Amino acid sequence: MKAADLFVKALEAEEVEYIFGIPGEENLDLLNSLKRSKIKLIVTRHEQAAGFMAATYGRLTGKAGVCLSTLGPGATNLVTAAAYAQLGAMPMLMITGQKPIKVSKQGQFQIVDIVSMMHPLTKYTQQIASGNNIPSRIREAFRLAEEERPGATHLELPEDIAVEETDSEVIAKSYARRPVAEEKAIAAAVEIIEKARRPLLLIGAAANRKQSSKMLRQFVDTTGIPFFSTQMGKGVVDERHPLFLGNASLSANDFLHKTINHTDLIINVGHDVVEKPPFFMRQSGFKVIHVNYLTASVDPVYYPQYGVIGDIADSVYQLSQKIQPQKKWDFNYFKEIKTSLKEHIKEGTADNRFPIYPQRLVHDVRQAIPENGIIALDNGIYKIWFARNYKAYKPNTVLLDNALASMGAGLPSAMAAKMVHPKRNVMAICGDGGFMMNSQELETAVRLNLNLIILVLCDKAFGMIKWKQVNMGYEDYGLDFNNPDFVMYAQSYGAHGHRLESCEAFLPLLEECFGTPGVHLVEVPIDYSDNDRILNREIREKSRFL
Ligand SMILES: Cc1ncc(C[n+]2csc(CCOP(=O)(O)OP(=O)(O)O)c2C)c(N)n1
Ligand SMILES: [Mg+2]
């Protein structure tokens, strides 16, 4: 069999549905084999977007998303997406082409050592040097991408290897159960939790990866222990639950940190140090039980004293079966804080000012999104407003990146979410900076007939950095820009373009967009004048006296 055909067969054995990417001449043999496969090739307009889409496919399905590029410039364009998948624990396989490795007549034209370049960005990176190795290399790339902790892998298929004849055969996917926590570890954790006075449950990113949601809900209901989440842990347990305290969208000095400073034990399910810290540990402070698939990476801000290591859902199930709720547990202060935080979050939700106020924006978006609808955020200051104020009802319904925190992923991740969940309502929420980093994918979205809303929040600036700049006491400098006419821009791609003209028109417009097929871009002028006052100062001052 031709090696390129075997390569595609091995991908089929891994149940690959899509390959996102931009082929180059070095991929043409693979492309030709792909043509005869049921795997769909999704051509994007930039390799970075293909990578973001593949990573998000992996994030939502647990199966490695696959992306493809040529050698050199195509492969270097995948770098940010590789880091996004690797830090965000999203299973993804990148396939890149290469010039012939045995005999080549093109000197060093376009040749970059891509395998070495991918080393710090992946769990596994290999050049395929013989057609015979294809089945084992592909199986290994999928195994490593998908198993905990998931991440990026990379295979380079050189042109001359792709045309080789080989009699190797596909290696079938192996099935293995994840190991579960040892009985003694569970018993020790139960004892520590029962002895605590004010235990708190933290839900982090890894709890959003597998189906831990049901077990965590049961844990909360049977133990009565209050919980909070990291940004990437949003929605694992419905945030409308009476025991939900809030989201750790800032690292310190928010209302929620009052509860964190008051606890003596955090049961941390699924958070690891890759996310921006939800809190800072101190030697004299609370203790932490790290419940995760793997032991914790130690960091100056995170050094848990105990570990319950194994399948998260199983550990949480075992804990909830064994923990006896204690009379001495005292959650009264936590409840007071929750009431104050709830009141603070409510402020501004009925504010009619225009350009729209961030709190009102979040409130109206929540109104427009059905229970299982998905919002996919790019990176900007609005991410903090959404993480803190938007209540997530279901796992993986708030797709945000608090690991690499790259701009440019909002639109591609929303597109992938819509492909994985075609029946759900999906909305990309981007800043005018981040949107423009991958706005060319409007063409891909229109071509794929995706029904999608894209909010572009316009402050004509890199607002997040402005917020930091003023907080550091610097003068306003270097962060402003102009925008295209986003309505005409959307229309030129064949998308619907809308410009928000008043605050009251926002919710009806979103409803109209969800009711009308197609890609809808909504230009939303936003009033960021209070970011500094509220996020830098008011929250800190108000929470100080609680
Ligand atoms: C690729 C990339 N470049 C730069 C940054 C640093 N950065 C973080 S947020 C931000 C500004 C985002 O601006 P915009 O998308 O307009 O959102 P806003 O904060 O204005 O709402 C920048 C430059 C980043 N996170 N990712
Ligand atoms: Mg902006």
# chains A, B, ... in the order shown; residues from 1 in each chain; ligands from 1
$ residues_around --residues "Val301 (chain A)" --least-positions-apart "6" --cutoff "10 Å" --atoms "only C-alpha atoms" --output "PyMOL selection string"
chain A and resi 273+277-283
$ residues_around --residues "Pro525 (chain A)" --least-positions-apart "5" --cutoff "7 Å" --atoms "only C-alpha atoms" --output "list in words"
Pro355, Ile356, Leu457, Cys458 and Asp459 of chain A
$ write_last_selection --atoms "N, CA and C atoms" --output "compact mmCIF listing (two decimals), in the first residue's frame"
# COMPACT_ATOMS: atom_id res chain seq x y z
N PRO A 355 -22.51 53.67 24.54
CA PRO A 355 -22.12 52.27 24.38
C PRO A 355 -22.41 51.42 25.62
N ILE A 356 -22.63 50.15 25.38
CA ILE A 356 -23.13 49.25 26.40
C ILE A 356 -22.11 49.02 27.53
N LEU A 457 -16.66 43.38 20.31
CA LEU A 457 -16.79 44.45 21.31
C LEU A 457 -15.80 45.55 20.96
N CYS A 458 -16.34 46.71 20.63
CA CYS A 458 -15.48 47.76 20.06
C CYS A 458 -15.18 48.86 21.05
N ASP A 459 -13.93 48.96 21.44
CA ASP A 459 -13.44 50.11 22.20
C ASP A 459 -12.28 50.77 21.45
$ residues_near_ligand --ligand "ligand 1" --cutoff "7 Å" --atoms "only C-alpha atoms and all ligand atoms" --output "tab-separated table (two decimals) with all heavy atoms, in the first residue's frame"
chain	number	residue	atom	x	y	z
A	379	ASN	N	-9.61	36.65	23.89
A	379	ASN	CA	-8.98	37.19	25.09
A	379	ASN	C	-8.98	38.70	25.12
A	379	ASN	O	-8.45	39.34	24.22
A	379	ASN	CB	-7.54	36.68	25.22
A	379	ASN	CG	-7.50	35.53	26.18
A	379	ASN	OD1	-7.46	35.72	27.39
A	379	ASN	ND2	-7.60	34.33	25.65
A	380	GLY	N	-9.55	39.25	26.17
A	380	GLY	CA	-9.58	40.69	26.38
A	380	GLY	C	-10.18	40.91	27.76
A	380	GLY	O	-10.51	39.95	28.47
A	381	ILE	N	-10.40	42.15	28.10
A	381	ILE	CA	-10.86	42.47	29.45
A	381	ILE	C	-12.26	41.91	29.74
A	381	ILE	O	-12.58	41.57	30.87
A	381	ILE	CB	-10.83	44.01	29.66
A	381	ILE	CG1	-11.17	44.39	31.10
A	381	ILE	CG2	-11.74	44.74	28.70
A	381	ILE	CD1	-10.13	44.07	32.09
A	382	TYR	N	-13.06	41.75	28.67
A	382	TYR	CA	-14.43	41.22	28.85
A	382	TYR	C	-14.39	39.79	29.40
A	382	TYR	O	-15.36	39.30	29.97
A	382	TYR	CB	-15.20	41.26	27.52
A	382	TYR	CG	-14.43	40.61	26.42
A	382	TYR	CD1	-14.52	39.24	26.20
A	382	TYR	CD2	-13.51	41.34	25.65
A	382	TYR	CE1	-13.73	38.63	25.25
A	382	TYR	CE2	-12.72	40.73	24.72
A	382	TYR	CZ	-12.84	39.37	24.52
A	382	TYR	OH	-12.03	38.76	23.61
A	405	ALA	N	-4.06	31.83	27.08
A	405	ALA	CA	-4.76	33.12	27.01
A	405	ALA	C	-4.35	33.89	25.76
A	405	ALA	O	-3.97	35.05	25.81
A	405	ALA	CB	-4.52	33.95	28.28
A	406	SER	N	-4.45	33.21	24.64
A	406	SER	CA	-4.08	33.83	23.37
A	406	SER	C	-5.25	34.59	22.77
A	406	SER	O	-6.38	34.13	22.81
A	406	SER	CB	-3.65	32.73	22.39
A	406	SER	OG	-3.44	33.28	21.12
A	407	MET	N	-4.95	35.72	22.19
A	407	MET	CA	-5.95	36.39	21.36
A	407	MET	C	-6.11	35.59	20.06
A	407	MET	O	-5.19	34.87	19.66
A	407	MET	CB	-5.50	37.81	21.03
A	407	MET	CG	-5.46	38.75	22.22
A	407	MET	SD	-4.48	40.22	21.87
A	407	MET	CE	-5.61	41.15	20.83
A	408	GLY	N	-7.25	35.72	19.43
A	408	GLY	CA	-7.44	35.13	18.10
A	408	GLY	C	-8.19	33.81	18.08
A	408	GLY	O	-8.54	33.32	17.01
A	430	CYS	N	-15.68	38.43	21.08
A	430	CYS	CA	-14.31	38.85	20.79
A	430	CYS	C	-14.16	40.35	21.02
A	430	CYS	O	-15.13	41.11	20.85
A	430	CYS	CB	-13.96	38.59	19.33
A	430	CYS	SG	-14.33	36.93	18.75
A	431	GLY	N	-12.95	40.77	21.32
A	431	GLY	CA	-12.64	42.19	21.30
A	431	GLY	C	-12.32	42.60	19.87
A	431	GLY	O	-12.12	41.75	18.99
A	432	ASP	N	-12.25	43.92	19.63
A	432	ASP	CA	-11.91	44.37	18.28
A	432	ASP	C	-10.45	44.07	17.95
A	432	ASP	O	-10.08	43.96	16.78
A	432	ASP	CB	-12.26	45.86	18.07
A	432	ASP	CG	-11.87	46.75	19.25
A	432	ASP	OD1	-11.21	46.27	20.19
A	432	ASP	OD2	-12.24	47.95	19.22
A	433	GLY	N	-9.62	43.88	18.99
A	433	GLY	CA	-8.23	43.45	18.77
A	433	GLY	C	-8.17	41.98	18.41
A	433	GLY	O	-7.67	41.59	17.35
A	434	GLY	N	-8.70	41.14	19.27
A	434	GLY	CA	-8.62	39.68	19.08
A	434	GLY	C	-9.36	39.19	17.84
A	434	GLY	O	-8.87	38.31	17.13
A	435	PHE	N	-10.51	39.79	17.56
A	435	PHE	CA	-11.28	39.35	16.39
A	435	PHE	C	-10.46	39.50	15.12
A	435	PHE	O	-10.44	38.62	14.25
A	435	PHE	CB	-12.59	40.14	16.28
A	435	PHE	CG	-13.33	39.86	15.00
A	435	PHE	CD1	-13.95	38.63	14.82
A	435	PHE	CD2	-13.40	40.80	13.99
A	435	PHE	CE1	-14.61	38.34	13.62
A	435	PHE	CE2	-14.06	40.52	12.81
A	435	PHE	CZ	-14.67	39.29	12.62
A	457	LEU	N	-16.66	43.38	20.31
A	457	LEU	CA	-16.79	44.45	21.31
A	457	LEU	C	-15.80	45.55	20.96
A	457	LEU	O	-14.58	45.33	20.97
A	457	LEU	CB	-16.51	43.90	22.71
A	457	LEU	CG	-17.31	42.63	23.07
A	457	LEU	CD1	-16.93	42.15	24.47
A	457	LEU	CD2	-18.81	42.90	22.98
A	458	CYS	N	-16.34	46.71	20.63
A	458	CYS	CA	-15.48	47.76	20.06
A	458	CYS	C	-15.18	48.86	21.05
A	458	CYS	O	-16.08	49.61	21.45
A	458	CYS	CB	-16.15	48.35	18.82
A	458	CYS	SG	-16.29	47.14	17.52
A	459	ASP	N	-13.93	48.96	21.44
A	459	ASP	CA	-13.44	50.11	22.20
A	459	ASP	C	-12.28	50.77	21.45
A	459	ASP	O	-11.63	51.66	21.97
A	459	ASP	CB	-12.99	49.70	23.62
A	459	ASP	CG	-11.81	48.76	23.61
A	459	ASP	OD1	-11.62	48.03	22.59
A	459	ASP	OD2	-11.05	48.73	24.58
A	460	LYS	N	-12.04	50.29	20.23
A	460	LYS	CA	-10.94	50.78	19.39
A	460	LYS	C	-9.61	50.76	20.15
A	460	LYS	O	-8.83	51.73	20.11
A	460	LYS	CB	-11.23	52.20	18.90
A	460	LYS	CG	-12.40	52.26	17.94
A	460	LYS	CD	-12.44	53.62	17.30
A	460	LYS	CE	-13.54	53.71	16.28
A	460	LYS	NZ	-13.70	55.05	15.77
A	461	ALA	N	-9.39	49.71	20.89
A	461	ALA	CA	-8.16	49.64	21.70
A	461	ALA	C	-7.92	48.23	22.20
A	461	ALA	O	-8.83	47.40	22.22
A	461	ALA	CB	-8.29	50.58	22.90
A	462	PHE	N	-6.69	47.98	22.64
A	462	PHE	CA	-6.37	46.77	23.39
A	462	PHE	C	-6.75	47.05	24.84
A	462	PHE	O	-5.91	47.39	25.68
A	462	PHE	CB	-4.88	46.44	23.25
A	462	PHE	CG	-4.49	46.11	21.82
A	462	PHE	CD1	-3.58	46.90	21.12
A	462	PHE	CD2	-5.03	45.00	21.18
A	462	PHE	CE1	-3.22	46.58	19.82
A	462	PHE	CE2	-4.68	44.69	19.87
A	462	PHE	CZ	-3.77	45.48	19.18
A	463	GLY	N	-8.07	46.94	25.10
A	463	GLY	CA	-8.64	47.41	26.36
A	463	GLY	C	-8.02	46.78	27.59
A	463	GLY	O	-7.79	47.45	28.60
A	464	MET	N	-7.76	45.50	27.51
A	464	MET	CA	-7.20	44.77	28.66
A	464	MET	C	-5.85	45.38	29.10
A	464	MET	O	-5.57	45.52	30.28
A	464	MET	CB	-6.98	43.31	28.22
A	464	MET	CG	-6.25	42.48	29.22
A	464	MET	SD	-7.48	41.63	30.18
A	464	MET	CE	-6.48	40.48	31.04
A	465	ILE	N	-5.06	45.75	28.10
A	465	ILE	CA	-3.72	46.27	28.42
A	465	ILE	C	-3.86	47.71	28.95
A	465	ILE	O	-3.08	48.15	29.80
A	465	ILE	CB	-2.78	46.19	27.20
A	465	ILE	CG1	-2.86	44.79	26.56
A	465	ILE	CG2	-1.34	46.54	27.57
A	465	ILE	CD1	-2.53	43.62	27.48
$ closest_residue --among "A:Ala172, A:Ala50, A:Cys503, A:Ile161" --to "Arg353 (chain A)" --atoms "only C-alpha atoms"
A:Cys503
$ atom_distance --atom1 "CA of Arg198 (chain A)" --atom2 "CA of Gln305 (chain A)"
16.9 Å
$ atom_distance --atom1 "CA of Ile128 (chain A)" --atom2 "CA of Ala162 (chain A)"
9.2 Å
$ closest_residue --among "A:Ile171, A:Val112, A:Ile429, A:Val470" --to "ligand 2" --atoms "only C-alpha atoms and all ligand atoms"
A:Ile429
$ closest_atom_pairs --of "region 365-449 of chain A" --to "region 7-31 of chain A" --cutoff "12 Å" --atoms "only C-alpha atoms" --output "CSV"
residue,atom,partner,partner_atom,distance
A:Pro412,CA,A:Phe20,CA,10.7
A:Met415,CA,A:Phe20,CA,11.5
A:Ala416,CA,A:Phe20,CA,9.9
A:Met419,CA,A:Tyr18,CA,9.9
A:Val420,CA,A:Glu17,CA,10.2
A:Glu441,CA,A:Gly21,CA,11.7
A:Thr444,CA,A:Phe20,CA,10.8
$ residues_around --residues "Lys123 (chain A)" --least-positions-apart "6" --cutoff "7 Å" --atoms "only C-alpha atoms" --output "compact mmCIF listing (two decimals) with N, CA and C atoms, in the first residue's frame"
# COMPACT_ATOMS: atom_id res chain seq x y z
N LEU A 144 -0.94 9.59 23.25
CA LEU A 144 -0.38 10.64 24.11
C LEU A 144 -1.22 11.91 24.09
N GLY A 151 -2.92 16.92 25.45
CA GLY A 151 -2.15 18.03 24.89
C GLY A 151 -1.89 17.83 23.41
N ALA A 152 -0.86 18.52 22.92
CA ALA A 152 -0.56 18.52 21.49
C ALA A 152 0.47 17.46 21.14
N THR A 153 0.32 16.86 19.96
CA THR A 153 1.35 15.99 19.40
C THR A 153 1.58 16.40 17.95
$ residues_around --residues "Gly270 (chain A)" --least-positions-apart "2" --cutoff "10 Å" --atoms "only C-alpha atoms" --output "MDAnalysis selection string"
chainID A and resid 202:209 212 229:230 232:233 267:268 272 290:294 296 312
$ closest_residue --among "A:Pro100, A:Pro242, A:Gly518, A:Pro484" --to "Arg447 (chain A)" --atoms "only C-alpha atoms"
A:Gly518
$ select_by_dssp --residues "region 46-132 of chain A" --states "helix (DSSP H, G or I)" --output "PyMOL selection string"
chain A and resi 47-61+72-76+79-88+114-121+131-132
$ atom_distance --atom1 "CA of Phe545 (chain A)" --atom2 "CA of Leu245 (chain A)"
17.9 Å
$ closest_residue --among "A:Val43, A:Ala81, A:Ile260, A:Ile374" --to "Ala409 (chain A)" --atoms "only C-alpha atoms"
A:Ala81
$ closest_residue --among "A:Ala49, A:Ala141, A:Ala392, A:Ile42" --to "Leu411 (chain A)" --atoms "only C-alpha atoms"
A:Ala49
$ residues_around --residues "Ala313 (chain A)" --least-positions-apart "5" --cutoff "8 Å" --atoms "only C-alpha atoms" --output "NGL selection string"
:A and (210-213 or 215-216)
$ write_last_selection --atoms "N, CA and C atoms" --output "short mmCIF file (atom, residue, chain, number, x, y, z; two decimals), in the first residue's frame"
data_model
loop_
_atom_site.label_atom_id
_atom_site.label_comp_id
_atom_site.auth_asym_id
_atom_site.auth_seq_id
_atom_site.Cartn_x
_atom_site.Cartn_y
_atom_site.Cartn_z
N LYS A 210 -13.54 15.49 31.44
CA LYS A 210 -14.25 14.22 31.36
C LYS A 210 -15.59 14.39 32.06
N GLN A 211 -16.38 13.35 32.07
CA GLN A 211 -17.72 13.52 32.63
C GLN A 211 -17.74 13.44 34.15
N SER A 212 -17.16 14.43 34.80
CA SER A 212 -17.12 14.44 36.26
C SER A 212 -18.29 15.22 36.84
N SER A 213 -19.07 15.82 35.96
CA SER A 213 -20.10 16.75 36.38
C SER A 213 -21.12 16.11 37.34
N MET A 215 -20.89 13.45 39.21
CA MET A 215 -20.31 13.06 40.50
C MET A 215 -20.08 14.28 41.39
N LEU A 216 -19.67 15.37 40.77
CA LEU A 216 -19.41 16.57 41.57
C LEU A 216 -20.71 17.16 42.11
#
$ residues_around --residues "Leu500 (chain A)" --least-positions-apart "3" --cutoff "7 Å" --atoms "only C-alpha atoms" --output "ChimeraX atom specification"
/A:505-506,522-524
$ write_last_selection --atoms "N, CA and C atoms" --output "PDB file, in the first residue's frame"
ATOM      1  N   ALA A 505     -31.746  47.661  22.309  1.00  0.00           N
ATOM      2  CA  ALA A 505     -31.896  46.854  21.091  1.00  0.00           C
ATOM      3  C   ALA A 505     -31.079  45.562  21.154  1.00  0.00           C
ATOM      4  N   PHE A 506     -30.222  45.436  22.176  1.00  0.00           N
ATOM      5  CA  PHE A 506     -29.254  44.326  22.181  1.00  0.00           C
ATOM      6  C   PHE A 506     -29.915  42.951  22.258  1.00  0.00           C
ATOM      7  N   VAL A 522     -22.043  41.024  15.017  1.00  0.00           N
ATOM      8  CA  VAL A 522     -22.688  42.179  15.656  1.00  0.00           C
ATOM      9  C   VAL A 522     -21.596  43.101  16.203  1.00  0.00           C
ATOM     10  N   GLU A 523     -21.529  44.297  15.656  1.00  0.00           N
ATOM     11  CA  GLU A 523     -20.579  45.291  16.168  1.00  0.00           C
ATOM     12  C   GLU A 523     -21.199  45.916  17.413  1.00  0.00           C
ATOM     13  N   VAL A 524     -20.521  45.750  18.542  1.00  0.00           N
ATOM     14  CA  VAL A 524     -21.076  46.216  19.819  1.00  0.00           C
ATOM     15  C   VAL A 524     -20.153  47.272  20.435  1.00  0.00           C
TER      16      VAL A 524
END
$ select_by_dssp --residues "region 114-216 of chain A" --states "strand (DSSP E or B)" --output "number ranges by chain"
A: 124-127, 152-158, 165, 199-203
$ write_last_selection --atoms "all heavy atoms" --output "compact mmCIF listing (two decimals), in the first residue's frame"
# COMPACT_ATOMS: atom_id res chain seq x y z
N TYR A 124 4.77 14.97 22.14
CA TYR A 124 5.36 13.96 21.25
C TYR A 124 5.53 14.59 19.89
O TYR A 124 4.57 15.17 19.35
CB TYR A 124 4.39 12.78 21.18
CG TYR A 124 4.77 11.63 20.28
CD1 TYR A 124 5.73 10.70 20.68
CD2 TYR A 124 4.12 11.44 19.07
CE1 TYR A 124 6.02 9.60 19.88
CE2 TYR A 124 4.41 10.34 18.26
CZ TYR A 124 5.37 9.43 18.68
OH TYR A 124 5.66 8.35 17.89
N THR A 125 6.72 14.55 19.34
CA THR A 125 6.94 15.12 18.01
C THR A 125 7.93 14.23 17.26
O THR A 125 9.01 13.92 17.77
CB THR A 125 7.40 16.59 18.06
OG1 THR A 125 7.81 17.01 16.76
CG2 THR A 125 8.53 16.85 19.05
N GLN A 126 7.55 13.76 16.08
CA GLN A 126 8.37 12.79 15.36
C GLN A 126 8.30 13.05 13.87
O GLN A 126 7.24 13.39 13.33
CB GLN A 126 7.80 11.38 15.57
CG GLN A 126 7.97 10.82 16.95
CD GLN A 126 9.33 10.19 17.18
OE1 GLN A 126 9.96 9.71 16.23
NE2 GLN A 126 9.81 10.22 18.41
N GLN A 127 9.44 12.81 13.22
CA GLN A 127 9.42 12.74 11.76
C GLN A 127 9.20 11.27 11.39
O GLN A 127 9.81 10.38 12.01
CB GLN A 127 10.77 13.19 11.22
CG GLN A 127 10.85 13.10 9.72
CD GLN A 127 12.23 13.47 9.21
OE1 GLN A 127 13.19 12.71 9.37
NE2 GLN A 127 12.34 14.64 8.63
N ALA A 152 -0.86 18.52 22.92
CA ALA A 152 -0.56 18.52 21.49
C ALA A 152 0.47 17.46 21.14
O ALA A 152 1.38 17.19 21.92
CB ALA A 152 -0.05 19.90 21.09
N THR A 153 0.32 16.86 19.96
CA THR A 153 1.35 15.99 19.40
C THR A 153 1.58 16.40 17.95
O THR A 153 0.75 17.10 17.36
CB THR A 153 0.95 14.50 19.48
OG1 THR A 153 -0.28 14.32 18.77
CG2 THR A 153 0.79 14.01 20.91
N HIS A 154 2.69 15.93 17.38
CA HIS A 154 3.04 16.37 16.03
C HIS A 154 3.72 15.25 15.23
O HIS A 154 4.59 14.56 15.76
CB HIS A 154 3.99 17.58 16.12
CG HIS A 154 4.66 17.89 14.81
ND1 HIS A 154 6.02 17.79 14.62
CD2 HIS A 154 4.14 18.28 13.62
CE1 HIS A 154 6.32 18.13 13.38
NE2 HIS A 154 5.19 18.42 12.75
N LEU A 155 3.29 15.07 14.00
CA LEU A 155 3.97 14.13 13.10
C LEU A 155 4.32 14.85 11.80
O LEU A 155 3.49 15.57 11.24
CB LEU A 155 3.06 12.94 12.78
CG LEU A 155 2.78 11.96 13.93
CD1 LEU A 155 1.77 10.92 13.49
CD2 LEU A 155 4.08 11.29 14.42
N GLU A 156 5.54 14.62 11.35
CA GLU A 156 5.98 15.19 10.08
C GLU A 156 6.05 14.07 9.05
O GLU A 156 6.72 13.06 9.29
CB GLU A 156 7.36 15.83 10.28
CG GLU A 156 7.92 16.45 9.02
CD GLU A 156 9.28 17.10 9.28
OE1 GLU A 156 10.30 16.37 9.32
OE2 GLU A 156 9.33 18.32 9.46
N LEU A 157 5.37 14.26 7.95
CA LEU A 157 5.36 13.24 6.89
C LEU A 157 6.07 13.80 5.66
O LEU A 157 5.50 14.57 4.89
CB LEU A 157 3.92 12.85 6.55
CG LEU A 157 3.76 11.77 5.47
CD1 LEU A 157 4.35 10.43 5.92
CD2 LEU A 157 2.28 11.60 5.09
N PRO A 158 7.32 13.42 5.43
CA PRO A 158 8.06 13.94 4.27
C PRO A 158 7.48 13.38 2.96
O PRO A 158 6.95 12.26 2.93
CB PRO A 158 9.49 13.43 4.50
CG PRO A 158 9.55 13.06 5.94
CD PRO A 158 8.18 12.61 6.31
N GLU A 165 6.08 2.49 -0.78
CA GLU A 165 5.17 1.34 -0.64
C GLU A 165 5.48 0.67 0.70
O GLU A 165 6.65 0.58 1.11
CB GLU A 165 5.42 0.32 -1.77
CG GLU A 165 4.81 0.74 -3.11
CD GLU A 165 3.29 0.84 -3.08
OE1 GLU A 165 2.64 -0.07 -2.52
OE2 GLU A 165 2.74 1.83 -3.61
N PRO A 199 -14.37 23.58 55.21
CA PRO A 199 -13.85 23.11 53.92
C PRO A 199 -14.57 23.76 52.73
O PRO A 199 -15.73 24.14 52.84
CB PRO A 199 -14.14 21.60 53.96
CG PRO A 199 -15.27 21.44 54.92
CD PRO A 199 -15.14 22.55 55.93
N LEU A 200 -13.84 23.88 51.66
CA LEU A 200 -14.38 24.47 50.43
C LEU A 200 -14.00 23.56 49.26
O LEU A 200 -12.88 23.02 49.24
CB LEU A 200 -13.70 25.81 50.16
CG LEU A 200 -14.39 27.12 50.50
CD1 LEU A 200 -13.54 28.27 50.00
CD2 LEU A 200 -15.77 27.19 49.87
N LEU A 201 -14.87 23.45 48.30
CA LEU A 201 -14.57 22.68 47.09
C LEU A 201 -14.23 23.63 45.95
O LEU A 201 -14.95 24.59 45.72
CB LEU A 201 -15.80 21.84 46.72
CG LEU A 201 -15.77 21.12 45.36
CD1 LEU A 201 -14.73 20.01 45.35
CD2 LEU A 201 -17.15 20.55 45.03
N LEU A 202 -13.11 23.35 45.27
CA LEU A 202 -12.73 24.13 44.08
C LEU A 202 -12.87 23.22 42.86
O LEU A 202 -12.38 22.09 42.86
CB LEU A 202 -11.27 24.60 44.20
CG LEU A 202 -10.59 25.07 42.91
CD1 LEU A 202 -11.28 26.28 42.32
CD2 LEU A 202 -9.12 25.40 43.17
N ILE A 203 -13.51 23.72 41.82
CA ILE A 203 -13.65 22.94 40.59
C ILE A 203 -12.84 23.61 39.48
O ILE A 203 -13.05 24.78 39.17
CB ILE A 203 -15.14 22.83 40.18
CG1 ILE A 203 -15.93 22.13 41.31
CG2 ILE A 203 -15.28 22.06 38.87
CD1 ILE A 203 -17.42 22.02 41.06
